[in-house]
$ cat structure14.pdb   # PDB, C-alpha atoms, pLDDT in the B column
MODEL        1
ATOM      1  CA  MET A  29      82.178  78.640  94.729  1.00 68.00           C
ATOM      2  CA  THR A  30      80.307  79.136  91.445  1.00 71.00           C
ATOM      3  CA  ARG A  31      80.200  82.868  92.089  1.00 72.00           C
ATOM      4  CA  ILE A  32      83.993  82.986  92.598  1.00 74.00           C
ATOM      5  CA  ARG A  33      84.575  81.042  89.364  1.00 71.00           C
ATOM      6  CA  GLY A  34      82.277  83.406  87.499  1.00 65.00           C
ATOM      7  CA  LEU A  35      84.106  86.426  88.871  1.00 64.00           C
ATOM      8  CA  ALA A  36      87.499  84.892  88.060  1.00 62.00           C
ATOM      9  CA  LYS A  37      86.300  84.130  84.522  1.00 64.00           C
ATOM     10  CA  GLU A  38      85.142  87.742  84.043  1.00 71.00           C
ATOM     11  CA  ILE A  39      88.464  89.093  85.366  1.00 67.00           C
ATOM     12  CA  ILE A  40      90.400  86.859  82.966  1.00 64.00           C
ATOM     13  CA  ILE A  41      88.211  87.803  79.997  1.00 63.00           C
ATOM     14  CA  GLY A  42      88.451  91.487  80.917  1.00 55.00           C
ATOM     15  CA  SER A  43      92.245  91.242  81.237  1.00 52.00           C
ATOM     16  CA  ILE A  44      92.549  89.563  77.845  1.00 57.00           C
ATOM     17  CA  PHE A  45      90.294  92.191  76.275  1.00 45.00           C
ATOM     18  CA  LEU A  46      92.334  94.998  77.868  1.00 50.00           C
ATOM     19  CA  PHE A  47      95.589  93.404  76.678  1.00 50.00           C
ATOM     20  CA  ILE A  48      94.289  93.139  73.104  1.00 52.00           C
ATOM     21  CA  LEU A  49      92.870  96.666  73.158  1.00 47.00           C
ATOM     22  CA  THR A  50      96.087  98.256  74.445  1.00 50.00           C
ATOM     23  CA  ASN A  51      98.124  96.415  71.812  1.00 49.00           C
ATOM     24  CA  ILE A  52      95.787  97.604  69.053  1.00 50.00           C
ATOM     25  CA  ILE A  53      96.052 101.190  70.306  1.00 49.00           C
ATOM     26  CA  SER A  54      99.851 100.894  70.502  1.00 49.00           C
ATOM     27  CA  PHE A  55      99.961  99.538  66.938  1.00 50.00           C
ATOM     28  CA  LEU A  56      97.761 102.335  65.592  1.00 49.00           C
ATOM     29  CA  ARG A  57      99.774 105.066  67.361  1.00 50.00           C
ATOM     30  CA  GLN A  58     103.255 103.794  66.466  1.00 54.00           C
ATOM     31  CA  PRO A  59     105.371 106.217  64.452  1.00 55.00           C
ATOM     32  CA  LYS A  60     106.204 105.329  60.845  1.00 66.00           C
ATOM     33  CA  LEU A  61     109.965 105.762  60.563  1.00 55.00           C
ATOM     34  CA  SER A  62     111.776 106.518  57.311  1.00 57.00           C
ATOM     35  CA  SER A  63     114.281 103.755  58.141  1.00 59.00           C
ATOM     36  CA  ASN A  64     114.048 100.567  60.171  1.00 74.00           C
ATOM     37  CA  HIS A  65     117.808 100.597  60.893  1.00 74.00           C
ATOM     38  CA  ILE A  66     119.507 101.936  64.026  1.00 80.00           C
ATOM     39  CA  PRO A  67     121.070 105.274  63.115  1.00 80.00           C
ATOM     40  CA  GLN A  68     124.844 104.783  63.354  1.00 79.00           C
ATOM     41  CA  GLU A  69     125.840 107.803  65.409  1.00 85.00           C
ATOM     42  CA  THR A  70     127.368 108.897  68.680  1.00 92.00           C
ATOM     43  CA  VAL A  71     125.412 110.996  71.179  1.00 93.00           C
ATOM     44  CA  LYS A  72     126.331 112.782  74.395  1.00 95.00           C
ATOM     45  CA  LEU A  73     124.584 111.391  77.459  1.00 96.00           C
ATOM     46  CA  LEU A  74     123.321 113.284  80.478  1.00 94.00           C
ATOM     47  CA  ASP A  75     126.452 112.313  82.439  1.00 93.00           C
ATOM     48  CA  GLY A  76     128.688 113.790  79.701  1.00 94.00           C
ATOM     49  CA  SER A  77     129.851 110.455  78.300  1.00 95.00           C
ATOM     50  CA  ALA A  78     129.656 109.512  74.624  1.00 95.00           C
ATOM     51  CA  TYR A  79     127.263 106.742  73.614  1.00 94.00           C
ATOM     52  CA  ARG A  80     127.538 104.995  70.247  1.00 91.00           C
ATOM     53  CA  LEU A  81     124.361 103.648  68.677  1.00 84.00           C
ATOM     54  CA  LYS A  82     125.308 100.517  66.773  1.00 82.00           C
ATOM     55  CA  SER A  83     124.131  97.063  65.872  1.00 76.00           C
ATOM     56  CA  GLY A  84     125.678  93.884  67.268  1.00 85.00           C
ATOM     57  CA  LYS A  85     123.266  93.338  70.138  1.00 90.00           C
ATOM     58  CA  PRO A  86     119.626  94.215  70.770  1.00 94.00           C
ATOM     59  CA  LEU A  87     119.019  97.868  71.636  1.00 94.00           C
ATOM     60  CA  VAL A  88     116.060  99.612  73.225  1.00 96.00           C
ATOM     61  CA  ILE A  89     115.535 103.322  72.503  1.00 96.00           C
ATOM     62  CA  HIS A  90     112.962 104.678  74.936  1.00 97.00           C
ATOM     63  CA  PHE A  91     111.406 108.171  74.702  1.00 97.00           C
ATOM     64  CA  TRP A  92     109.942 109.629  77.886  1.00 98.00           C
ATOM     65  CA  ALA A  93     109.475 112.867  79.838  1.00 97.00           C
ATOM     66  CA  ILE A  94     109.678 113.736  83.527  1.00 96.00           C
ATOM     67  CA  TRP A  95     106.279 115.470  83.316  1.00 96.00           C
ATOM     68  CA  CYS A  96     104.582 112.326  81.885  1.00 96.00           C
ATOM     69  CA  PRO A  97     102.574 110.334  84.506  1.00 96.00           C
ATOM     70  CA  THR A  98     102.723 107.094  82.493  1.00 95.00           C
ATOM     71  CA  CYS A  99     106.490 107.493  82.099  1.00 96.00           C
ATOM     72  CA  LYS A 100     106.829 107.784  85.869  1.00 96.00           C
ATOM     73  CA  LEU A 101     104.938 104.510  86.324  1.00 95.00           C
ATOM     74  CA  GLU A 102     107.007 102.799  83.642  1.00 96.00           C
ATOM     75  CA  SER A 103     110.463 104.039  84.755  1.00 97.00           C
ATOM     76  CA  PRO A 104     111.101 101.097  87.157  1.00 97.00           C
ATOM     77  CA  ASN A 105     110.410  98.752  84.223  1.00 97.00           C
ATOM     78  CA  ILE A 106     112.992 100.565  82.082  1.00 97.00           C
ATOM     79  CA  GLU A 107     115.441 100.477  85.002  1.00 97.00           C
ATOM     80  CA  ALA A 108     115.000  96.696  85.331  1.00 97.00           C
ATOM     81  CA  LEU A 109     115.377  96.242  81.566  1.00 96.00           C
ATOM     82  CA  SER A 110     118.560  98.337  81.517  1.00 96.00           C
ATOM     83  CA  LYS A 111     120.199  95.985  84.021  1.00 96.00           C
ATOM     84  CA  LYS A 112     119.991  93.134  81.515  1.00 95.00           C
ATOM     85  CA  TYR A 113     119.947  94.774  78.053  1.00 95.00           C
ATOM     86  CA  GLU A 114     121.337  97.755  76.174  1.00 94.00           C
ATOM     87  CA  VAL A 115     118.980 100.706  76.730  1.00 96.00           C
ATOM     88  CA  LEU A 116     119.214 104.322  75.612  1.00 97.00           C
ATOM     89  CA  THR A 117     116.505 106.584  76.961  1.00 98.00           C
ATOM     90  CA  VAL A 118     115.688 109.951  75.441  1.00 97.00           C
ATOM     91  CA  VAL A 119     114.092 112.405  77.866  1.00 98.00           C
ATOM     92  CA  VAL A 120     112.122 114.974  75.854  1.00 97.00           C
ATOM     93  CA  ASN A 121     111.322 118.607  76.705  1.00 94.00           C
ATOM     94  CA  SER A 122     112.028 118.023  80.389  1.00 96.00           C
ATOM     95  CA  GLY A 123     114.475 120.766  81.294  1.00 94.00           C
ATOM     96  CA  ASN A 124     118.192 121.161  81.701  1.00 96.00           C
ATOM     97  CA  ASN A 125     120.696 118.465  82.638  1.00 96.00           C
ATOM     98  CA  GLU A 126     120.722 119.458  86.310  1.00 96.00           C
ATOM     99  CA  LYS A 127     116.947 119.133  86.623  1.00 97.00           C
ATOM    100  CA  ILE A 128     116.936 115.721  84.946  1.00 97.00           C
ATOM    101  CA  THR A 129     119.934 114.511  86.977  1.00 97.00           C
ATOM    102  CA  ARG A 130     118.114 115.523  90.168  1.00 97.00           C
ATOM    103  CA  TYR A 131     114.974 113.672  89.005  1.00 97.00           C
ATOM    104  CA  MET A 132     116.999 110.549  88.189  1.00 96.00           C
ATOM    105  CA  LYS A 133     118.655 110.617  91.601  1.00 97.00           C
ATOM    106  CA  GLU A 134     115.326 111.115  93.443  1.00 96.00           C
ATOM    107  CA  LYS A 135     113.825 108.127  91.612  1.00 95.00           C
ATOM    108  CA  SER A 136     117.005 105.964  91.912  1.00 96.00           C
ATOM    109  CA  LEU A 137     117.237 105.614  88.122  1.00 97.00           C
ATOM    110  CA  THR A 138     120.582 104.748  86.548  1.00 97.00           C
ATOM    111  CA  PHE A 139     119.804 104.022  82.879  1.00 97.00           C
ATOM    112  CA  ASN A 140     121.492 105.896  80.002  1.00 97.00           C
ATOM    113  CA  VAL A 141     119.834 109.246  79.281  1.00 98.00           C
ATOM    114  CA  LEU A 142     120.082 111.571  76.301  1.00 97.00           C
ATOM    115  CA  ASN A 143     118.568 114.988  77.068  1.00 97.00           C
ATOM    116  CA  ASP A 144     116.437 115.973  74.070  1.00 95.00           C
ATOM    117  CA  SER A 145     115.692 119.386  75.550  1.00 93.00           C
ATOM    118  CA  GLU A 146     114.326 120.820  72.307  1.00 91.00           C
ATOM    119  CA  GLY A 147     112.630 117.687  70.985  1.00 92.00           C
ATOM    120  CA  GLN A 148     114.896 117.154  67.961  1.00 93.00           C
ATOM    121  CA  TRP A 149     115.258 113.407  68.529  1.00 92.00           C
ATOM    122  CA  ALA A 150     111.534 113.075  69.151  1.00 93.00           C
ATOM    123  CA  LYS A 151     110.901 114.776  65.779  1.00 91.00           C
ATOM    124  CA  LYS A 152     113.463 112.542  64.065  1.00 89.00           C
ATOM    125  CA  TYR A 153     111.695 109.450  65.436  1.00 88.00           C
ATOM    126  CA  LYS A 154     108.234 110.965  64.853  1.00 89.00           C
ATOM    127  CA  VAL A 155     107.304 110.476  68.514  1.00 92.00           C
ATOM    128  CA  GLU A 156     103.975 112.086  69.371  1.00 89.00           C
ATOM    129  CA  ALA A 157     103.045 110.281  72.596  1.00 89.00           C
ATOM    130  CA  TYR A 158     104.995 109.327  75.696  1.00 94.00           C
ATOM    131  CA  PRO A 159     106.325 106.862  76.485  1.00 96.00           C
ATOM    132  CA  THR A 160     107.331 105.440  73.088  1.00 94.00           C
ATOM    133  CA  THR A 161     109.834 102.612  72.811  1.00 95.00           C
ATOM    134  CA  PHE A 162     111.712 101.219  69.807  1.00 94.00           C
ATOM    135  CA  ILE A 163     113.315  97.780  70.104  1.00 94.00           C
ATOM    136  CA  TYR A 164     116.032  96.816  67.626  1.00 93.00           C
ATOM    137  CA  ASP A 165     117.511  93.355  67.105  1.00 93.00           C
ATOM    138  CA  ALA A 166     121.245  92.533  67.007  1.00 92.00           C
ATOM    139  CA  ARG A 167     121.336  93.261  63.250  1.00 91.00           C
ATOM    140  CA  GLY A 168     120.145  96.810  63.962  1.00 90.00           C
ATOM    141  CA  MET A 169     116.661  96.243  62.524  1.00 91.00           C
ATOM    142  CA  LEU A 170     113.564  97.640  64.211  1.00 91.00           C
ATOM    143  CA  GLN A 171     111.433  94.758  65.517  1.00 91.00           C
ATOM    144  CA  PHE A 172     108.976  96.324  67.974  1.00 89.00           C
ATOM    145  CA  THR A 173     107.491  99.748  68.597  1.00 90.00           C
ATOM    146  CA  GLU A 174     105.513 100.313  71.776  1.00 89.00           C
ATOM    147  CA  VAL A 175     103.445 103.404  72.543  1.00 91.00           C
ATOM    148  CA  GLY A 176     102.237 103.755  76.106  1.00 90.00           C
ATOM    149  CA  TYR A 177     102.902 101.724  79.222  1.00 92.00           C
ATOM    150  CA  THR A 178     104.705  98.382  78.932  1.00 92.00           C
ATOM    151  CA  SER A 179     105.335  96.093  81.893  1.00 93.00           C
ATOM    152  CA  THR A 180     108.740  94.679  82.762  1.00 94.00           C
ATOM    153  CA  ALA A 181     107.466  91.253  81.696  1.00 92.00           C
ATOM    154  CA  GLY A 182     106.309  92.719  78.386  1.00 91.00           C
ATOM    155  CA  PHE A 183     109.724  94.252  77.730  1.00 93.00           C
ATOM    156  CA  LEU A 184     111.607  91.119  78.770  1.00 93.00           C
ATOM    157  CA  GLY A 185     109.342  88.943  76.630  1.00 91.00           C
ATOM    158  CA  ARG A 186     110.030  91.036  73.553  1.00 91.00           C
ATOM    159  CA  MET A 187     113.771  90.957  74.251  1.00 93.00           C
ATOM    160  CA  LEU A 188     113.704  87.173  74.646  1.00 91.00           C
ATOM    161  CA  LEU A 189     112.090  86.893  71.227  1.00 89.00           C
ATOM    162  CA  LEU A 190     115.137  88.685  69.788  1.00 85.00           C
ATOM    163  CA  GLU A 191     117.681  86.312  71.339  1.00 78.00           C
TER     164      GLU A 191
ENDMDL
END
$ encode --input "structure14.pdb" --output "C-alpha coordinates"
Amino acid sequence: MTRIRGLAKEIIIGSIFLFILTNIISFLRQPKLSSNHIPQETVKLLDGSAYRLKSGKPLVIHFWAIWCPTCKLESPNIEALSKKYEVLTVVVNSGNNEKITRYMKEKSLTFNVLNDSEGQWAKKYKVEAYPTTFIYDARGMLQFTEVGYTSTAGFLGRMLLLE
(Lines of atoms letter the chains of each structure in order from A and count residues from 1; the text may use other names and numbers.)
(Lines give C-alpha, C1' and ligand atoms only; values in the text may rest on other atoms or scores of the structure.)
Protein backbone atom coordinates (compact mmCIF):
# COMPACT_ATOMS: atom_id res chain seq x y z
CA MET A 1 0.00 0.00 0.00
CA THR A 2 2.88 2.36 0.83
CA ARG A 3 4.41 1.65 -2.56
CA ILE A 4 1.14 2.57 -4.34
CA ARG A 5 0.88 5.82 -2.37
CA GLY A 6 4.47 6.68 -3.24
CA LEU A 7 3.83 6.01 -6.91
CA ALA A 8 0.60 8.04 -6.85
CA LYS A 9 2.45 10.90 -5.14
CA GLU A 10 5.18 10.86 -7.81
CA ILE A 11 2.58 10.82 -10.62
CA ILE A 12 0.78 13.80 -9.08
CA ILE A 13 4.02 15.75 -8.56
CA GLY A 14 5.15 14.91 -12.10
CA SER A 15 1.78 16.01 -13.52
CA ILE A 16 1.92 19.30 -11.64
CA PHE A 17 5.49 19.89 -12.82
CA LEU A 18 4.51 19.10 -16.42
CA PHE A 19 1.50 21.43 -16.19
CA ILE A 20 3.66 24.29 -14.88
CA LEU A 21 6.39 23.65 -17.44
CA THR A 22 4.00 23.60 -20.41
CA ASN A 23 2.37 26.83 -19.23
CA ILE A 24 5.76 28.52 -18.90
CA ILE A 25 6.72 27.39 -22.41
CA SER A 26 3.37 28.60 -23.77
CA PHE A 27 3.87 31.98 -22.08
CA LEU A 28 7.39 32.38 -23.46
CA ARG A 29 6.35 31.42 -27.01
CA GLN A 30 3.19 33.55 -27.20
CA PRO A 31 3.19 36.15 -29.97
CA LYS A 32 3.31 39.83 -28.99
CA LEU A 33 0.48 41.46 -30.92
CA SER A 34 0.40 45.14 -31.87
CA SER A 35 -3.19 45.33 -30.58
CA ASN A 36 -5.10 43.42 -27.93
CA HIS A 37 -8.45 44.12 -29.64
CA ILE A 38 -10.31 41.80 -32.02
CA PRO A 39 -9.81 43.16 -35.53
CA GLN A 40 -13.25 44.33 -36.71
CA GLU A 41 -13.42 42.72 -40.14
CA THR A 42 -15.29 40.22 -42.24
CA VAL A 43 -13.57 37.14 -43.67
CA LYS A 44 -14.62 34.45 -46.13
CA LEU A 45 -14.82 30.99 -44.60
CA LEU A 46 -13.94 27.68 -46.21
CA ASP A 47 -17.63 27.02 -46.95
CA GLY A 48 -17.91 30.36 -48.81
CA SER A 49 -19.89 32.15 -46.11
CA ALA A 50 -18.91 35.52 -44.64
CA TYR A 51 -17.82 35.63 -41.00
CA ARG A 52 -17.70 38.90 -39.05
CA LEU A 53 -15.14 39.22 -36.28
CA LYS A 54 -16.68 41.40 -33.59
CA SER A 55 -16.94 41.87 -29.87
CA GLY A 56 -20.11 41.19 -27.89
CA LYS A 57 -19.31 37.65 -26.81
CA PRO A 58 -16.11 35.71 -26.15
CA LEU A 59 -14.27 34.62 -29.30
CA VAL A 60 -11.57 32.02 -29.85
CA ILE A 61 -9.24 32.43 -32.84
CA HIS A 62 -7.31 29.20 -33.33
CA PHE A 63 -4.39 28.79 -35.77
CA TRP A 64 -3.59 25.26 -36.93
CA ALA A 65 -2.42 23.22 -39.92
CA ILE A 66 -3.43 19.84 -41.33
CA TRP A 67 0.23 18.76 -41.42
CA CYS A 68 0.72 19.53 -37.68
CA PRO A 69 0.62 16.39 -35.44
CA THR A 70 -0.27 18.38 -32.30
CA CYS A 71 -3.09 20.12 -34.19
CA LYS A 72 -4.51 16.73 -35.15
CA LEU A 73 -4.55 15.67 -31.49
CA GLU A 74 -6.13 18.96 -30.43
CA SER A 75 -8.82 19.17 -33.16
CA PRO A 76 -11.46 17.22 -31.15
CA ASN A 77 -10.95 19.74 -28.33
CA ILE A 78 -11.57 22.64 -30.72
CA GLU A 79 -14.62 20.82 -32.10
CA ALA A 80 -16.05 20.43 -28.58
CA LEU A 81 -15.30 24.08 -27.78
CA SER A 82 -16.99 25.25 -30.98
CA LYS A 83 -20.24 23.56 -29.94
CA LYS A 84 -20.50 25.87 -26.93
CA TYR A 85 -18.57 29.04 -27.87
CA GLU A 86 -17.77 31.25 -30.84
CA VAL A 87 -14.68 29.81 -32.57
CA LEU A 88 -12.89 30.87 -35.74
CA THR A 89 -10.08 28.58 -36.83
CA VAL A 90 -7.40 29.64 -39.27
CA VAL A 91 -5.79 26.75 -41.16
CA VAL A 92 -2.34 27.85 -42.33
CA ASN A 93 -0.34 26.70 -45.37
CA SER A 94 -2.42 23.54 -45.69
CA GLY A 95 -3.53 23.55 -49.31
CA ASN A 96 -6.58 24.52 -51.29
CA ASN A 97 -10.17 24.62 -50.06
CA GLU A 98 -10.98 21.19 -51.51
CA LYS A 99 -8.10 19.52 -49.67
CA ILE A 100 -9.05 21.14 -46.37
CA THR A 101 -12.76 20.37 -46.85
CA ARG A 102 -11.87 16.72 -47.46
CA TYR A 103 -9.69 16.69 -44.31
CA MET A 104 -12.49 18.24 -42.24
CA LYS A 105 -14.98 15.67 -43.51
CA GLU A 106 -12.61 12.73 -42.82
CA LYS A 107 -12.09 13.94 -39.25
CA SER A 108 -15.79 14.87 -38.69
CA LEU A 109 -14.87 18.48 -37.92
CA THR A 110 -17.50 21.19 -38.32
CA PHE A 111 -15.95 24.33 -36.80
CA ASN A 112 -15.55 27.59 -38.76
CA VAL A 113 -12.44 27.59 -40.95
CA LEU A 114 -10.61 30.41 -42.70
CA ASN A 115 -8.09 29.08 -45.23
CA ASP A 116 -4.88 31.07 -44.77
CA SER A 117 -3.23 29.36 -47.74
CA GLU A 118 -0.37 31.85 -47.96
CA GLY A 119 0.08 32.52 -44.25
CA GLN A 120 -1.02 36.17 -44.28
CA TRP A 121 -3.18 35.85 -41.16
CA ALA A 122 -0.45 33.91 -39.39
CA LYS A 123 1.97 36.78 -40.15
CA LYS A 124 -0.58 39.36 -38.97
CA TYR A 125 -0.95 37.49 -35.67
CA LYS A 126 2.79 36.74 -35.48
CA VAL A 127 2.12 33.00 -35.19
CA GLU A 128 5.31 30.96 -35.36
CA ALA A 129 4.20 27.65 -33.83
CA TYR A 130 1.12 25.50 -34.25
CA PRO A 131 -1.35 25.29 -32.72
CA THR A 132 -1.68 28.85 -31.37
CA THR A 133 -4.93 30.07 -29.85
CA PHE A 134 -6.10 33.58 -28.95
CA ILE A 135 -9.06 33.96 -26.59
CA TYR A 136 -10.91 37.27 -26.50
CA ASP A 137 -13.51 38.36 -23.95
CA ALA A 138 -16.94 39.84 -24.77
CA ARG A 139 -15.43 43.35 -24.91
CA GLY A 140 -13.10 42.19 -27.69
CA MET A 141 -9.98 42.26 -25.50
CA LEU A 142 -7.35 39.53 -25.70
CA GLN A 143 -7.31 37.59 -22.42
CA PHE A 144 -5.39 34.38 -23.15
CA THR A 145 -2.84 33.19 -25.68
CA GLU A 146 -2.02 29.50 -25.82
CA VAL A 147 0.82 27.97 -27.83
CA GLY A 148 0.78 24.21 -28.17
CA TYR A 149 -1.72 21.59 -27.09
CA THR A 150 -4.61 22.58 -24.81
CA SER A 151 -7.14 20.10 -23.47
CA THR A 152 -10.89 20.56 -23.76
CA ALA A 153 -11.00 21.15 -20.00
CA GLY A 154 -8.28 23.78 -20.34
CA PHE A 155 -10.21 25.61 -23.05
CA LEU A 156 -13.52 25.39 -21.19
CA GLY A 157 -11.89 26.59 -17.97
CA ARG A 158 -10.49 29.67 -19.68
CA MET A 159 -13.87 30.39 -21.29
CA LEU A 160 -15.63 30.07 -17.93
CA LEU A 161 -13.27 32.66 -16.50
CA LEU A 162 -14.52 35.08 -19.17
CA GLU A 163 -18.21 34.62 -18.35
$ closest_residue --input "structure14.pdb" --among "A:Phe139, A:Tyr79, A:Trp95, A:Tyr164" --to "A:Ile66" --atoms "all atoms listed in the file"
A:Tyr164
$ resolve_selection --input "structure14.pdb" --expression "the PyMOL selection byres ((chain A and resi 190) around 8)" --output "list in words"
Pro86, Asp165, Ala166, Arg186, Met187, Leu188, Leu189 and Glu191 of chain A
$ atom_distance --input "structure14.pdb" --atom1 "atom CA of A:Gly168" --atom2 "atom CA of A:His65"
5.4 Å
$ atom_distance --input "structure14.pdb" --atom1 "atom CA of A:Gly76" --atom2 "atom CA of A:Tyr177"
28.5 Å
$ residues_around --input "structure14.pdb" --residues "stretch 100-106 of chain A" --least-positions-apart "3" --cutoff "6 Å" --atoms "all atoms listed in the file" --output "NGL selection string"
:A and (97 or 109 or 180)
$ resolve_selection --input "structure14.pdb" --expression "the PyMOL selection byres ((chain A and resi 118) around 7)" --output "count of residues only"
11
$ resolve_selection --input "structure14.pdb" --expression "the PyMOL selection byres ((chain A and resi 121) around 6)" --output "PyMOL selection string"
chain A and resi 120+122-123+145-147
$ atom_distance --input "structure14.pdb" --atom1 "atom CA of A:Gln68" --atom2 "atom CA of A:Lys82"
5.5 Å
